[in-house]
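Asks: My structure is in work_27.cif, and what it holds is mmCIF, C-alpha atoms and all ligand atoms:
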```
data_upload
#
loop_
_atom_site.label_atom_id
_atom_site.label_comp_id
_atom_site.auth_asym_id
_atom_site.auth_seq_id
_atom_site.Cartn_x
_atom_site.Cartn_y
_atom_site.Cartn_z
CA MET R 1 6.18 6.42 -10.02
CA ALA R 2 4.44 7.75 -13.10
CA ASN R 3 4.21 11.40 -13.78
CA SER R 4 2.60 13.73 -11.31
CA GLN R 5 -0.06 14.83 -13.79
CA ASP R 6 -1.45 11.29 -13.99
CA LEU R 7 -1.35 11.08 -10.23
CA ALA R 8 -3.15 14.40 -9.87
CA GLN R 9 -5.89 13.22 -12.24
CA LEU R 10 -6.44 10.04 -10.24
CA ILE R 11 -6.68 12.04 -7.03
CA ALA R 12 -8.97 14.63 -8.57
CA ALA R 13 -11.39 11.92 -9.69
CA HIS R 14 -12.18 11.19 -6.03
CA ALA R 15 -11.25 14.35 -4.16
CA GLY R 16 -14.16 15.98 -2.39
CA LYS R 17 -16.00 12.69 -1.97
CA GLU R 18 -16.50 11.19 1.45
CA GLY R 19 -14.13 8.29 2.10
CA ALA R 20 -11.94 9.15 -0.87
CA LEU R 21 -8.69 7.78 0.53
CA LEU R 22 -9.17 4.07 -0.17
CA PRO R 23 -10.57 4.51 -3.69
CA ILE R 24 -7.65 6.80 -4.52
CA LEU R 25 -5.13 4.34 -3.10
CA HIS R 26 -6.65 1.49 -5.12
CA ASP R 27 -6.57 3.55 -8.30
CA VAL R 28 -2.97 4.61 -7.72
CA GLN R 29 -1.89 1.03 -6.95
CA HIS R 30 -3.68 -0.22 -10.06
CA ALA R 31 -2.31 2.51 -12.34
CA PHE R 32 1.30 2.61 -11.14
CA GLY R 33 1.78 -0.76 -9.48
CA CYS R 34 2.57 0.85 -6.15
CA VAL R 35 1.78 3.67 -3.75
CA ASP R 36 5.17 5.21 -3.11
CA GLY R 37 6.20 8.11 -0.91
CA GLU R 38 5.58 10.66 -3.63
CA ALA R 39 2.02 9.41 -4.07
CA GLU R 40 1.44 9.33 -0.31
CA ALA R 41 2.53 12.95 -0.03
CA ALA R 42 0.35 14.10 -2.93
CA ILE R 43 -2.68 12.22 -1.62
CA ALA R 44 -2.18 13.57 1.89
CA LYS R 45 -1.98 17.11 0.57
CA ALA R 46 -5.06 16.72 -1.62
CA LEU R 47 -7.17 15.22 1.17
CA ASN R 48 -5.82 17.51 3.90
CA LEU R 49 -4.47 14.54 5.82
CA SER R 50 -1.08 14.07 7.37
CA ARG R 51 1.45 11.97 5.51
CA ALA R 52 1.46 9.63 8.54
CA GLU R 53 -2.29 9.07 8.22
CA VAL R 54 -1.96 8.11 4.58
CA HIS R 55 1.10 5.97 5.23
CA GLY R 56 -0.72 4.22 8.06
CA VAL R 57 -3.47 3.12 5.69
CA VAL R 58 -1.03 2.16 2.94
CA SER R 59 1.07 0.05 5.28
CA PHE R 60 -1.98 -1.57 6.94
CA TYR R 61 -3.45 -3.09 3.79
CA HIS R 62 -1.47 -5.71 1.90
CA ASP R 63 -3.05 -4.59 -1.36
CA PHE R 64 -0.81 -1.53 -1.38
CA THR R 65 2.91 -1.80 -2.02
CA PRO R 66 5.59 0.90 -1.70
CA ALA R 67 7.43 -0.23 -4.83
CA ALA R 68 6.22 -1.72 -8.07
CA ASP R 69 6.59 -5.48 -8.52
CA LEU R 70 6.52 -6.03 -12.26
CA ARG R 71 6.26 -9.80 -12.07
CA PRO R 72 2.98 -11.43 -13.10
CA HIS R 73 0.71 -11.83 -10.07
CA ILE R 74 -1.56 -14.75 -9.31
CA GLU R 75 -3.86 -14.62 -6.32
CA LEU R 76 -4.67 -18.03 -4.88
CA CYS R 77 -7.58 -18.31 -2.47
CA ARG R 78 -6.71 -20.16 0.71
CA ALA R 79 -9.86 -19.37 2.67
CA GLU R 80 -12.01 -22.01 4.30
CA ALA R 81 -14.16 -23.11 1.36
CA CYS R 82 -11.16 -23.48 -0.92
CA LYS R 83 -9.29 -25.27 1.86
CA ALA R 84 -12.19 -27.68 2.15
CA ARG R 85 -11.95 -28.23 -1.60
CA GLY R 86 -8.24 -29.05 -1.43
CA VAL R 87 -6.27 -25.90 -2.16
CA GLU R 88 -3.58 -26.66 0.40
CA ALA R 89 -2.53 -29.74 -1.58
CA LEU R 90 -1.86 -27.48 -4.59
CA VAL R 91 0.24 -24.80 -2.94
CA ASP R 92 3.67 -26.47 -3.02
CA ALA R 93 3.49 -27.32 -6.72
CA ALA R 94 2.27 -23.80 -7.52
CA GLN R 95 5.11 -22.25 -5.55
CA VAL R 96 7.68 -24.42 -7.33
CA ALA R 97 6.20 -23.46 -10.70
CA ALA R 98 6.14 -19.78 -9.72
CA GLY R 99 9.72 -19.62 -8.48
CA GLU R 100 10.89 -16.03 -8.46
CA ARG R 101 9.32 -15.28 -11.85
CA VAL R 102 5.68 -15.13 -10.73
CA LYS R 103 4.34 -13.59 -7.55
CA LEU R 104 1.96 -16.09 -5.99
CA LYS R 105 -0.14 -14.26 -3.45
CA THR R 106 -2.52 -15.75 -0.91
CA VAL R 107 -5.95 -14.14 -0.72
CA TYR R 108 -8.98 -14.99 1.34
CA CYS R 109 -12.02 -15.48 -0.86
CA LEU R 110 -12.54 -14.55 -4.47
CA GLY R 111 -16.28 -15.17 -4.36
CA LEU R 112 -16.03 -18.57 -6.03
CA CYS R 113 -16.39 -20.61 -2.86
CA SER R 114 -18.63 -23.31 -4.32
CA VAL R 115 -16.32 -23.92 -7.26
CA GLY R 116 -12.91 -23.67 -5.60
CA PRO R 117 -10.03 -23.97 -5.44
CA ALA R 118 -10.02 -20.55 -7.05
CA ALA R 119 -7.43 -18.12 -8.33
CA ARG R 120 -7.27 -14.78 -10.09
CA MET R 121 -4.75 -13.47 -12.58
CA GLY R 122 -5.40 -9.92 -13.67
CA ASP R 123 -9.14 -9.61 -14.18
CA ALA R 124 -9.60 -13.30 -14.99
CA LEU R 125 -10.94 -15.74 -12.42
CA TYR R 126 -10.17 -19.46 -12.43
CA ALA R 127 -12.24 -22.09 -10.63
CA ARG R 128 -12.15 -25.82 -9.96
CA LEU R 129 -8.37 -25.77 -10.11
CA ASP R 130 -6.49 -29.00 -9.72
CA GLN R 131 -2.73 -29.21 -9.53
CA ALA R 132 -2.21 -29.50 -13.29
CA ALA R 133 -4.50 -26.55 -14.04
CA LEU R 134 -2.91 -24.33 -11.40
CA VAL R 135 0.62 -25.17 -12.47
CA ALA R 136 -0.34 -24.51 -16.11
CA LEU R 137 -1.81 -21.16 -15.09
CA VAL R 138 1.38 -20.23 -13.24
CA GLU R 139 3.56 -21.34 -16.17
CA GLN R 140 1.57 -19.27 -18.68
CA ALA R 141 1.63 -16.15 -16.49
S1 LIG J 201 -13.20 -19.45 -0.06
FE1 LIG J 201 -12.07 -19.50 -1.92
S2 LIG J 201 -13.30 -18.35 -3.27
FE2 LIG J 201 -14.34 -18.18 -1.38
#
```
Could you take the file, read its structure, and then write that structure out as structure tokens?
Ligand code: FES

Replies:
Amino acid sequence: MANSQDLAQLIAAHAGKEGALLPILHDVQHAFGCVDGEAEAAIAKALNLSRAEVHGVVSFYHDFTPAADLRPHIELCRAEACKARGVEALVDAAQVAAGERVKLKTVYCLGLCSVGPAARMGDALYARLDQAALVALVEQA
């Protein structure tokens, strides 16, 4: 985990606001690549919650991870519209290309339903993926 001063600043940016827990967790995950035990404890203290309450939220949502995974991440949409547009036929080739080097994560809708199959890497969105385009995306990650 990064230093506690950075963590305190992220928490302070939301503390006092209603429903601050999820925005804080997203910011911590984005900044440090994980929400570890140290972060859970600091967030719980700042929001006057129990550590169990914070851990329950962290462990419920797949967006939050207890340890940083430094591999490149690609999110591949496998929701209904992308399924209808053929994403399932691309998955095996993408997984082979990813191997252990790239984390290929299934998500359910990236908001590009009419131009799927869709994927996201970092802040970039990719649409109308065919097998060659998806494999190239994985290989350049
Ligand atoms: S269903 Fe894939 S982007 Fe919406």

Asks: For ligand LIG 201 (chain J), collect every residue having any atom at a distance of at most 7 Å from a ligand atom (counting all atoms listed in the file); output as an MDAnalysis selection string.

Replies: chainID R and resid 77:82 108:113 116:118

Asks: Compare R:Arg120, R:Lys83, R:His55, R:His73 by their minimum atom-to-atom distance to Leu22 of chain R, counting all atoms listed in the file, and give me the closest one.

Replies: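 Nearest to Leu22 of chain R: R:His55.
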
Asks: So, counting all atoms listed in the file, which residue among R:Asp130, R:Leu47, R:Glu40, R:Ile74 is closest to Ser59 of chain R?

Replies: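 Closest candidate: R:Glu40.
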
Asks: May I ask which of the residues R:Leu21, R:Ala119, R:Cys34, R:Ala132 is the closest one to Asn48 of chain R, counting only C-alpha atoms?

Replies: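 Closest to Asn48 of chain R of all the choices is R:Leu21.
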
Asks: Give as a list in words the set of residues within 10 Å of the point (-2.2, -13.0, -11.3), where distances use the file's coordinates and only C-alpha atoms.

Replies: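 Within the cut-off we find Arg71, Pro72, His73, Ile74, Glu75, Leu76, Val102, Lys103, Leu104, Lys105, Ala119, Arg120, Met121, Gly122, Asp123, Ala124, Leu125, Leu137, Val138 and Ala141 of chain R.
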
Asks: Would you list the contacts of Ala94 of chain R as a ChimeraX atom specification, taking every protein, DNA or RNA residue within 7 Å and counting only C-alpha atoms, but skipping same-chain residues closer than 2 positions in sequence?

Replies: /R:90-92,96-98,134-135,138

Asks: What is the atom CA of Val57 of chain R to atom CA of Lys17 of chain R distance in Å?

Replies: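 Pair atom CA of Val57 of chain R / atom CA of Lys17 of chain R returns 17.5 Å.
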
Asks: What is the atom CA of Ala133 of chain R-atom CA of Val87 of chain R distance in Å, reported with one decimal?

Replies: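 Computing the Euclidean distance for atom CA of Ala133 of chain R and atom CA of Val87 of chain R yields 12.0 Å.
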
Asks: Pick the closest to Ala42 of chain R from R:Ala20, R:Leu25, R:Val107, R:Leu7: which is it, counting all atoms listed in the file?

Replies: R:Leu7

Asks: Take atom CA of Ala68 of chain R and atom CA of Arg101 of chain R and report the distance between them in Å, one decimal.

Replies: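 We find that atom CA of Ala68 of chain R and atom CA of Arg101 of chain R lie 14.4 Å from each other.
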
Asks: Go through R:Ala89, R:Val28, R:Ala13, R:Ala127 one by one, measure the shortest atom-to-atom distance of each to Asp63 of chain R using all atoms listed in the file, and give the residue with the smallest value.

Replies: R:Val28

Asks: Counting all atoms listed in the file, figure out which residue out of R:Asp69, R:Ala93, R:Gly19, R:Arg51 gets nearest to Ala136 of chain R.

Replies: R:Ala93

Asks: Around (-4.6, -1.2, -3.6), as given in the file, which residues come within 9 Å? Count only C-alpha atoms and list them as a ChimeraX atom specification.

Replies: /R:22-30,33-35,58,61-65

Asks: Could the residues in this selection be saved with C-alpha atoms as a PDB file, in the coordinates of the input?

Replies:
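Saved result, selection_19.pdb, follows:
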```
ATOM      1  CA  LEU R  22      -9.170   4.070  -0.170  1.00  0.00           C
ATOM      2  CA  PRO R  23     -10.570   4.510  -3.690  1.00  0.00           C
ATOM      3  CA  ILE R  24      -7.650   6.800  -4.520  1.00  0.00           C
ATOM      4  CA  LEU R  25      -5.130   4.340  -3.100  1.00  0.00           C
ATOM      5  CA  HIS R  26      -6.650   1.490  -5.120  1.00  0.00           C
ATOM      6  CA  ASP R  27      -6.570   3.550  -8.300  1.00  0.00           C
ATOM      7  CA  VAL R  28      -2.970   4.610  -7.720  1.00  0.00           C
ATOM      8  CA  GLN R  29      -1.890   1.030  -6.950  1.00  0.00           C
ATOM      9  CA  HIS R  30      -3.680  -0.220 -10.060  1.00  0.00           C
ATOM     10  CA  GLY R  33       1.780  -0.760  -9.480  1.00  0.00           C
ATOM     11  CA  CYS R  34       2.570   0.850  -6.150  1.00  0.00           C
ATOM     12  CA  VAL R  35       1.780   3.670  -3.750  1.00  0.00           C
ATOM     13  CA  VAL R  58      -1.030   2.160   2.940  1.00  0.00           C
ATOM     14  CA  TYR R  61      -3.450  -3.090   3.790  1.00  0.00           C
ATOM     15  CA  HIS R  62      -1.470  -5.710   1.900  1.00  0.00           C
ATOM     16  CA  ASP R  63      -3.050  -4.590  -1.360  1.00  0.00           C
ATOM     17  CA  PHE R  64      -0.810  -1.530  -1.380  1.00  0.00           C
ATOM     18  CA  THR R  65       2.910  -1.800  -2.020  1.00  0.00           C
TER      19      THR R  65
END
```

Asks: Let me have the centre and edge lengths in Å, one decimal, of the box along x, y and z around every listed atom of segment 60-65 of chain R with 3 Å of margin on each side, as AutoDock Vina command-line options.

Replies:
```
--center_x -0.3 --center_y -3.6 --center_z 2.5 --size_x 12.4 --size_y 10.2 --size_z 15.0
```
